[in-house]
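Colleague: Got model-v7.pdb for you, PDB, C-alpha atoms:
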ATOM      1  CA  MET A1365       1.082   6.410  -5.421
ATOM      2  CA  PRO A1366      -1.010   9.104  -3.682
ATOM      3  CA  THR A1367      -4.466   8.209  -2.407
ATOM      4  CA  THR A1368      -7.566   9.492  -4.185
ATOM      5  CA  GLY A1369      -8.129  11.955  -1.331
ATOM      6  CA  ALA A1370      -4.574  13.269  -1.653
ATOM      7  CA  ARG A1371      -5.011  13.682  -5.420
ATOM      8  CA  VAL A1372      -8.304  15.568  -4.930
ATOM      9  CA  ARG A1373      -6.688  17.893  -2.390
ATOM     10  CA  ARG A1374      -3.729  18.506  -4.732
ATOM     11  CA  ILE A1375      -6.070  19.244  -7.666
ATOM     12  CA  ALA A1376      -8.097  21.611  -5.495
ATOM     13  CA  GLY A1377      -4.903  23.394  -4.456
ATOM     14  CA  ILE A1378      -5.272  22.398  -0.810
ATOM     15  CA  ASP A1379      -2.047  22.105   1.146
ATOM     16  CA  ASP A1380      -2.834  19.385   3.645
ATOM     17  CA  THR A1381       0.613  19.149   5.219
ATOM     18  CA  GLY A1382      -0.557  21.180   8.235
ATOM     19  CA  PHE A1383      -3.849  19.339   8.789
ATOM     20  CA  LYS A1384      -4.513  17.460  11.987
ATOM     21  CA  VAL A1385      -6.638  14.395  11.464
ATOM     22  CA  ILE A1386      -8.891  13.311  14.304
ATOM     23  CA  PRO A1387      -9.644   9.604  14.065
ATOM     24  CA  TYR A1388     -13.286   9.087  13.204
ATOM     25  CA  GLY A1389     -15.516   6.927  15.384
ATOM     26  CA  GLN A1390     -13.109   6.569  18.306
ATOM     27  CA  PRO A1391     -14.397   7.085  21.874
ATOM     28  CA  HIS A1392     -12.381  10.304  22.193
ATOM     29  CA  SER A1393     -13.022  11.716  18.692
ATOM     30  CA  LEU A1394     -15.672  14.244  19.737
ATOM     31  CA  LEU A1395     -13.601  15.355  22.735
ATOM     32  CA  LEU A1396     -10.654  16.048  20.420
ATOM     33  CA  ALA A1397     -12.936  17.898  17.997
ATOM     34  CA  HIS A1398     -14.389  19.960  20.871
ATOM     35  CA  GLN A1399     -10.884  20.894  22.022
ATOM     36  CA  ALA A1400      -9.872  21.833  18.472
ATOM     37  CA  LEU A1401     -12.885  24.157  18.223
ATOM     38  CA  ALA A1402     -12.051  25.653  21.641
ATOM     39  CA  ASP A1403      -8.541  26.318  20.294
ATOM     40  CA  GLY A1404     -10.014  28.251  17.345
ATOM     41  CA  GLU A1405      -9.417  25.527  14.775
ATOM     42  CA  VAL A1406     -11.790  24.478  12.000
ATOM     43  CA  VAL A1407     -13.340  21.017  12.276
ATOM     44  CA  ALA A1408     -14.842  19.306   9.238
ATOM     45  CA  ILE A1409     -17.284  16.458   9.809
ATOM     46  CA  LEU A1410     -19.014  14.160   7.348
ATOM     47  CA  ALA A1411     -22.411  14.908   8.869
ATOM     48  CA  ASP A1412     -24.298  12.201   6.996
ATOM     49  CA  ARG A1413     -22.063   9.341   8.147
ATOM     50  CA  MET A1414     -23.200   7.078  10.968
ATOM     51  CA  GLU A1415     -20.609   6.540  13.648
ATOM     52  CA  GLY A1416     -22.818   5.355  16.469
ATOM     53  CA  ARG A1417     -26.360   4.807  17.518
ATOM     54  CA  ALA A1418     -27.214   8.385  18.529
ATOM     55  CA  THR A1419     -29.347   9.535  15.634
ATOM     56  CA  VAL A1420     -31.944  12.158  14.810
ATOM     57  CA  PRO A1421     -35.113  11.265  12.881
ATOM     58  CA  VAL A1422     -35.440  13.246   9.638
ATOM     59  CA  THR A1423     -37.238  13.074   6.331
ATOM     60  CA  PHE A1424     -34.768  12.382   3.536
ATOM     61  CA  LEU A1425     -35.850  12.086  -0.093
ATOM     62  CA  GLY A1426     -39.466  11.746   1.021
ATOM     63  CA  ARG A1427     -39.012   8.941   3.534
ATOM     64  CA  PRO A1428     -38.313   8.705   7.278
ATOM     65  CA  ALA A1429     -34.588   8.364   7.830
ATOM     66  CA  LYS A1430     -31.944   8.993  10.445
ATOM     67  CA  MET A1431     -28.882  11.189  10.616
ATOM     68  CA  PRO A1432     -26.164  11.251  13.264
ATOM     69  CA  LYS A1433     -26.791  13.544  16.212
ATOM     70  CA  SER A1434     -23.136  14.162  17.152
ATOM     71  CA  PRO A1435     -22.297  16.951  14.643
ATOM     72  CA  TYR A1436     -25.103  19.098  16.050
ATOM     73  CA  LEU A1437     -24.301  18.297  19.672
ATOM     74  CA  LEU A1438     -20.679  19.234  19.010
ATOM     75  CA  ALA A1439     -21.698  22.537  17.414
ATOM     76  CA  ALA A1440     -24.078  23.296  20.287
ATOM     77  CA  ARG A1441     -21.664  22.439  23.092
ATOM     78  CA  SER A1442     -18.812  24.346  21.398
ATOM     79  CA  ASN A1443     -20.877  27.333  20.253
ATOM     80  CA  ALA A1444     -19.332  26.653  16.843
ATOM     81  CA  PRO A1445     -20.954  27.943  13.658
ATOM     82  CA  ILE A1446     -22.279  25.405  11.170
ATOM     83  CA  LEU A1447     -21.242  25.717   7.548
ATOM     84  CA  ILE A1448     -22.126  23.072   4.948
ATOM     85  CA  CYS A1449     -19.640  22.267   2.192
ATOM     86  CA  PHE A1450     -20.001  20.225  -0.983
ATOM     87  CA  GLY A1451     -17.385  19.278  -3.542
ATOM     88  CA  ILE A1452     -19.146  18.543  -6.825
ATOM     89  CA  TYR A1453     -17.132  16.706  -9.470
ATOM     90  CA  GLU A1454     -17.552  18.440 -12.830
ATOM     91  CA  GLY A1455     -15.301  16.175 -14.903
ATOM     92  CA  ARG A1456     -11.726  16.392 -16.109
ATOM     93  CA  ASN A1457     -10.202  16.934 -12.661
ATOM     94  CA  ARG A1458     -12.548  19.852 -11.979
ATOM     95  CA  TYR A1459     -14.519  20.281  -8.776
ATOM     96  CA  ARG A1460     -16.940  23.001  -7.774
ATOM     97  CA  ILE A1461     -16.624  23.683  -4.052
ATOM     98  CA  THR A1462     -19.768  25.204  -2.543
ATOM     99  CA  PHE A1463     -20.245  26.505   0.995
ATOM    100  CA  ILE A1464     -23.750  27.004   2.324
ATOM    101  CA  ASP A1465     -24.623  28.869   5.508
ATOM    102  CA  PRO A1466     -27.820  27.164   6.693
ATOM    103  CA  GLY A1467     -28.517  29.953   9.176
ATOM    104  CA  LEU A1468     -28.308  27.650  12.179
ATOM    105  CA  ALA A1469     -27.223  28.920  15.560
ATOM    106  CA  LEU A1470     -26.891  26.241  18.211
ATOM    107  CA  ASP A1471     -25.502  26.893  21.667
ATOM    108  CA  ALA A1472     -25.010  25.088  24.959
ATOM    109  CA  GLY A1473     -28.678  25.690  25.814
ATOM    110  CA  SER A1474     -29.956  24.027  22.637
ATOM    111  CA  GLY A1475     -32.281  21.154  23.330
ATOM    112  CA  LEU A1476     -33.540  18.203  21.345
ATOM    113  CA  SER A1477     -35.961  20.359  19.353
ATOM    114  CA  GLU A1478     -33.150  22.626  18.105
ATOM    115  CA  ILE A1479     -30.885  19.637  17.387
ATOM    116  CA  ASN A1480     -33.681  17.959  15.383
ATOM    117  CA  HIS A1481     -34.319  21.203  13.461
ATOM    118  CA  ALA A1482     -30.596  21.533  12.633
ATOM    119  CA  ALA A1483     -30.417  17.931  11.405
ATOM    120  CA  GLN A1484     -33.524  18.378   9.243
ATOM    121  CA  THR A1485     -32.156  21.639   7.819
ATOM    122  CA  TYR A1486     -28.879  19.901   6.911
ATOM    123  CA  THR A1487     -30.845  17.012   5.407
ATOM    124  CA  ARG A1488     -32.892  19.374   3.211
ATOM    125  CA  VAL A1489     -29.677  20.939   1.888
ATOM    126  CA  LEU A1490     -28.158  17.485   1.292
ATOM    127  CA  GLU A1491     -31.338  16.361  -0.464
ATOM    128  CA  SER A1492     -31.249  19.410  -2.733
ATOM    129  CA  GLN A1493     -27.609  18.736  -3.656
ATOM    130  CA  ALA A1494     -28.263  15.015  -4.194
ATOM    131  CA  ARG A1495     -31.170  15.807  -6.524
ATOM    132  CA  HIS A1496     -29.121  18.424  -8.403
ATOM    133  CA  SER A1497     -26.022  16.220  -8.774
ATOM    134  CA  PRO A1498     -27.147  12.635  -8.130
ATOM    135  CA  TYR A1499     -23.936  11.036  -9.382
ATOM    136  CA  ASN A1500     -21.857  13.075  -6.936
ATOM    137  CA  TRP A1501     -23.547  11.728  -3.826
ATOM    138  CA  PHE A1502     -23.354   8.205  -2.572
ATOM    139  CA  ASN A1503     -23.443   6.518   0.751
ATOM    140  CA  PHE A1504     -23.624   2.997   2.012
ATOM    141  CA  TYR A1505     -25.416   3.681   5.289
ATOM    142  CA  PRO A1506     -28.949   2.401   5.945
ATOM    143  CA  TYR A1507     -30.761   5.743   6.030
ATOM    144  CA  TRP A1508     -34.112   4.150   5.397
ATOM    145  CA  ASP A1509     -33.845   1.168   7.735
ATOM    146  CA  ASN A1510     -37.037   2.166   9.559
ATOM    147  CA  ASP A1511     -36.642  -0.446  12.297
ATOM    148  CA  ARG A1512     -33.490   1.298  13.477
ATOM    149  CA  ILE A1513     -34.729   4.927  13.446
ATOM    150  CA  GLN A1514     -34.300   6.357  16.938
ATOM    151  CA  SER A1515     -35.412   9.597  18.556
TER     152      SER A1515
END
As a first step, turn the structure in this file into structure tokens.

Modeller:
Amino acid sequence: MPTTGARVRRIAGIDDTGFKVIPYGQPHSLLLAHQALADGEVVAILADRMEGRATVPVTFLGRPAKMPKSPYLLAARSNAPILICFGIYEGRNRYRITFIDPGLALDAGSGLSEINHAAQTYTRVLESQARHSPYNWFNFYPYWDNDRIQS
């Protein structure tokens, strides 16, 4: 029986037979993603998932929170454009796929201020989507564990 992810891709008409999957959270994951971007490939990252301790402080749903720093560092070091994508379940095997250009341009010279701004911009877009479609967003990460928020 196909996995839920495979069924969603089939329903959306996505042929995933040619996809390369980079293992998430491995020591070499970001290096592989950087090389893929250098080779002109598209890299998709779940930018609200914690994979390590490198985080950026943000305000999410009105409270101090943290988001991973690595997606923004990868974009900056690769000079890769940032595009945000959401798949909103609309019922009966229907999904609305939305792409949002947040207008962010990070490059190798981007510092902590630009990385923080990019993370907060992403978080505002995520917050807007979560408020608009609250039953389509879920996560089990401790966003609001204030003792663990790092700069």

Colleague: One decimal, in Å: what's the spacing between atom CA of Cys1449 of chain A and atom CA of Val1422 of chain A?

Modeller: 19.7 Å

Colleague: Let me know the residues the PyMOL selection byres ((chain A and resi 1438) around 10) catches in the file above, as a VMD selection string.

Modeller: chain A and resid 1394 to 1395 1397 to 1398 1401 1433 to 1437 1439 to 1444 1470 to 1472

Colleague: Can you tell me how far atom CA of Arg1371 of chain A sits from atom CA of Asn1457 of chain A, in Å to one decimal?

Modeller: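 Going from atom CA of Arg1371 of chain A over to atom CA of Asn1457 of chain A, I get 9.5 Å.
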
Colleague: Rank A:Gln1399, A:Pro1432, A:Arg1427, A:Pro1498 by their smallest atom-to-atom distance to Arg1413 of chain A, using only C-alpha atoms, and report the top residue only.

Modeller: A:Pro1432

Colleague: Write out as a list in words the residues lying within 9 Å of Thr1487 of chain A, counting only C-alpha atoms and excluding same-chain residues fewer than 6 positions away.

Modeller: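 Listing them by chain and then by number gives Asp1412, Val1422, Thr1423, Phe1424, Leu1425 and Met1431 of chain A.
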
Colleague: Given the choices A:Tyr1459, A:Tyr1453, A:Tyr1486, A:Tyr1388, which gets closest to Tyr1499 of chain A if the distance is worked out from only C-alpha atoms?

Modeller: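 Looking at the shortest contact to Tyr1499 of chain A, the residue is A:Tyr1453.
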
Colleague: Work out how far apart atom CA of Ile1446 of chain A and atom CA of Arg1458 of chain A are and give it in Å to one decimal.

Modeller: 25.7 Å

Colleague: May I ask which of the residues A:Ala1370, A:Phe1450, A:Ala1469, A:Pro1391 is the closest one to Trp1501 of chain A, counting all atoms listed in the file?

Modeller: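 So, comparing all the options, the nearest one is A:Phe1450.
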
Colleague: Output requested as an mmCIF file, in the coordinates of the input - segment 1383-1394 of chain A, filled out with all heavy atoms.

Modeller:
data_model
loop_
_atom_site.group_PDB
_atom_site.id
_atom_site.type_symbol
_atom_site.label_atom_id
_atom_site.label_comp_id
_atom_site.auth_asym_id
_atom_site.auth_seq_id
_atom_site.Cartn_x
_atom_site.Cartn_y
_atom_site.Cartn_z
ATOM 1 N N PHE A 1383 -2.584 19.816 8.235
ATOM 2 C CA PHE A 1383 -3.849 19.339 8.789
ATOM 3 C C PHE A 1383 -3.606 18.379 9.945
ATOM 4 O O PHE A 1383 -2.690 17.569 9.921
ATOM 5 C CB PHE A 1383 -4.678 18.594 7.741
ATOM 6 C CG PHE A 1383 -5.290 19.467 6.696
ATOM 7 C CD1 PHE A 1383 -5.791 18.898 5.546
ATOM 8 C CD2 PHE A 1383 -5.383 20.833 6.835
ATOM 9 C CE1 PHE A 1383 -6.371 19.673 4.559
ATOM 10 C CE2 PHE A 1383 -5.957 21.621 5.857
ATOM 11 C CZ PHE A 1383 -6.449 21.041 4.724
ATOM 12 N N LYS A 1384 -4.457 18.471 10.938
ATOM 13 C CA LYS A 1384 -4.513 17.460 11.987
ATOM 14 C C LYS A 1384 -5.710 16.588 11.654
ATOM 15 O O LYS A 1384 -6.778 17.096 11.349
ATOM 16 C CB LYS A 1384 -4.764 18.099 13.348
ATOM 17 C CG LYS A 1384 -3.663 18.964 13.862
ATOM 18 C CD LYS A 1384 -4.065 19.473 15.235
ATOM 19 C CE LYS A 1384 -3.264 20.670 15.629
ATOM 20 N NZ LYS A 1384 -3.753 21.255 16.885
ATOM 21 N N VAL A 1385 -5.545 15.309 11.724
ATOM 22 C CA VAL A 1385 -6.638 14.395 11.464
ATOM 23 C C VAL A 1385 -7.064 13.765 12.781
ATOM 24 O O VAL A 1385 -6.246 13.163 13.482
ATOM 25 C CB VAL A 1385 -6.247 13.307 10.447
ATOM 26 C CG1 VAL A 1385 -7.374 12.310 10.264
ATOM 27 C CG2 VAL A 1385 -5.859 13.943 9.120
ATOM 28 N N ILE A 1386 -8.323 13.928 13.110
ATOM 29 C CA ILE A 1386 -8.891 13.311 14.304
ATOM 30 C C ILE A 1386 -9.495 11.986 13.863
ATOM 31 O O ILE A 1386 -10.313 11.964 12.944
ATOM 32 C CB ILE A 1386 -9.960 14.223 14.940
ATOM 33 C CG1 ILE A 1386 -9.302 15.521 15.410
ATOM 34 C CG2 ILE A 1386 -10.667 13.501 16.072
ATOM 35 C CD1 ILE A 1386 -10.288 16.573 15.884
ATOM 36 N N PRO A 1387 -9.105 10.900 14.489
ATOM 37 C CA PRO A 1387 -9.644 9.604 14.065
ATOM 38 C C PRO A 1387 -11.153 9.558 14.242
ATOM 39 O O PRO A 1387 -11.677 9.928 15.289
ATOM 40 C CB PRO A 1387 -8.937 8.597 14.967
ATOM 41 C CG PRO A 1387 -8.456 9.377 16.137
ATOM 42 C CD PRO A 1387 -8.248 10.787 15.657
ATOM 43 N N TYR A 1388 -11.839 9.113 13.225
ATOM 44 C CA TYR A 1388 -13.286 9.087 13.204
ATOM 45 C C TYR A 1388 -13.814 7.859 13.935
ATOM 46 O O TYR A 1388 -13.280 6.767 13.792
ATOM 47 C CB TYR A 1388 -13.744 9.066 11.741
ATOM 48 C CG TYR A 1388 -15.233 9.114 11.551
ATOM 49 C CD1 TYR A 1388 -15.921 10.288 11.766
ATOM 50 C CD2 TYR A 1388 -15.927 7.985 11.154
ATOM 51 C CE1 TYR A 1388 -17.287 10.348 11.587
ATOM 52 C CE2 TYR A 1388 -17.291 8.036 10.971
ATOM 53 C CZ TYR A 1388 -17.967 9.219 11.193
ATOM 54 O OH TYR A 1388 -19.316 9.270 11.028
ATOM 55 N N GLY A 1389 -14.850 8.054 14.748
ATOM 56 C CA GLY A 1389 -15.516 6.927 15.384
ATOM 57 C C GLY A 1389 -14.830 6.363 16.607
ATOM 58 O O GLY A 1389 -15.249 5.339 17.129
ATOM 59 N N GLN A 1390 -13.778 7.026 17.090
ATOM 60 C CA GLN A 1390 -13.109 6.569 18.306
ATOM 61 C C GLN A 1390 -13.816 7.172 19.522
ATOM 62 O O GLN A 1390 -14.455 8.224 19.408
ATOM 63 C CB GLN A 1390 -11.639 6.996 18.290
ATOM 64 C CG GLN A 1390 -10.864 6.500 17.097
ATOM 65 C CD GLN A 1390 -10.797 4.989 17.052
ATOM 66 O OE1 GLN A 1390 -10.513 4.351 18.051
ATOM 67 N NE2 GLN A 1390 -11.095 4.415 15.893
ATOM 68 N N PRO A 1391 -13.708 6.552 20.693
ATOM 69 C CA PRO A 1391 -14.397 7.085 21.874
ATOM 70 C C PRO A 1391 -14.038 8.538 22.191
ATOM 71 O O PRO A 1391 -14.860 9.292 22.688
ATOM 72 C CB PRO A 1391 -13.939 6.146 23.006
ATOM 73 C CG PRO A 1391 -13.561 4.880 22.327
ATOM 74 C CD PRO A 1391 -13.025 5.287 20.972
ATOM 75 N N HIS A 1392 -12.840 8.949 21.866
ATOM 76 C CA HIS A 1392 -12.381 10.304 22.193
ATOM 77 C C HIS A 1392 -12.475 11.283 21.020
ATOM 78 O O HIS A 1392 -12.080 12.440 21.155
ATOM 79 C CB HIS A 1392 -10.949 10.245 22.709
ATOM 80 C CG HIS A 1392 -9.976 9.746 21.677
ATOM 81 N ND1 HIS A 1392 -9.977 8.443 21.226
ATOM 82 C CD2 HIS A 1392 -8.999 10.377 21.000
ATOM 83 C CE1 HIS A 1392 -9.028 8.299 20.318
ATOM 84 N NE2 HIS A 1392 -8.418 9.454 20.156
ATOM 85 N N SER A 1393 -13.005 10.865 19.893
ATOM 86 C CA SER A 1393 -13.022 11.716 18.692
ATOM 87 C C SER A 1393 -13.738 13.045 18.926
ATOM 88 O O SER A 1393 -13.229 14.104 18.567
ATOM 89 C CB SER A 1393 -13.679 10.985 17.520
ATOM 90 O OG SER A 1393 -12.951 9.843 17.183
ATOM 91 N N LEU A 1394 -14.921 13.002 19.521
ATOM 92 C CA LEU A 1394 -15.672 14.244 19.737
ATOM 93 C C LEU A 1394 -14.996 15.135 20.774
ATOM 94 O O LEU A 1394 -15.059 16.366 20.663
ATOM 95 C CB LEU A 1394 -17.115 13.948 20.124
ATOM 96 C CG LEU A 1394 -17.965 13.391 18.990
ATOM 97 C CD1 LEU A 1394 -19.358 13.017 19.478
ATOM 98 C CD2 LEU A 1394 -18.057 14.390 17.841
#
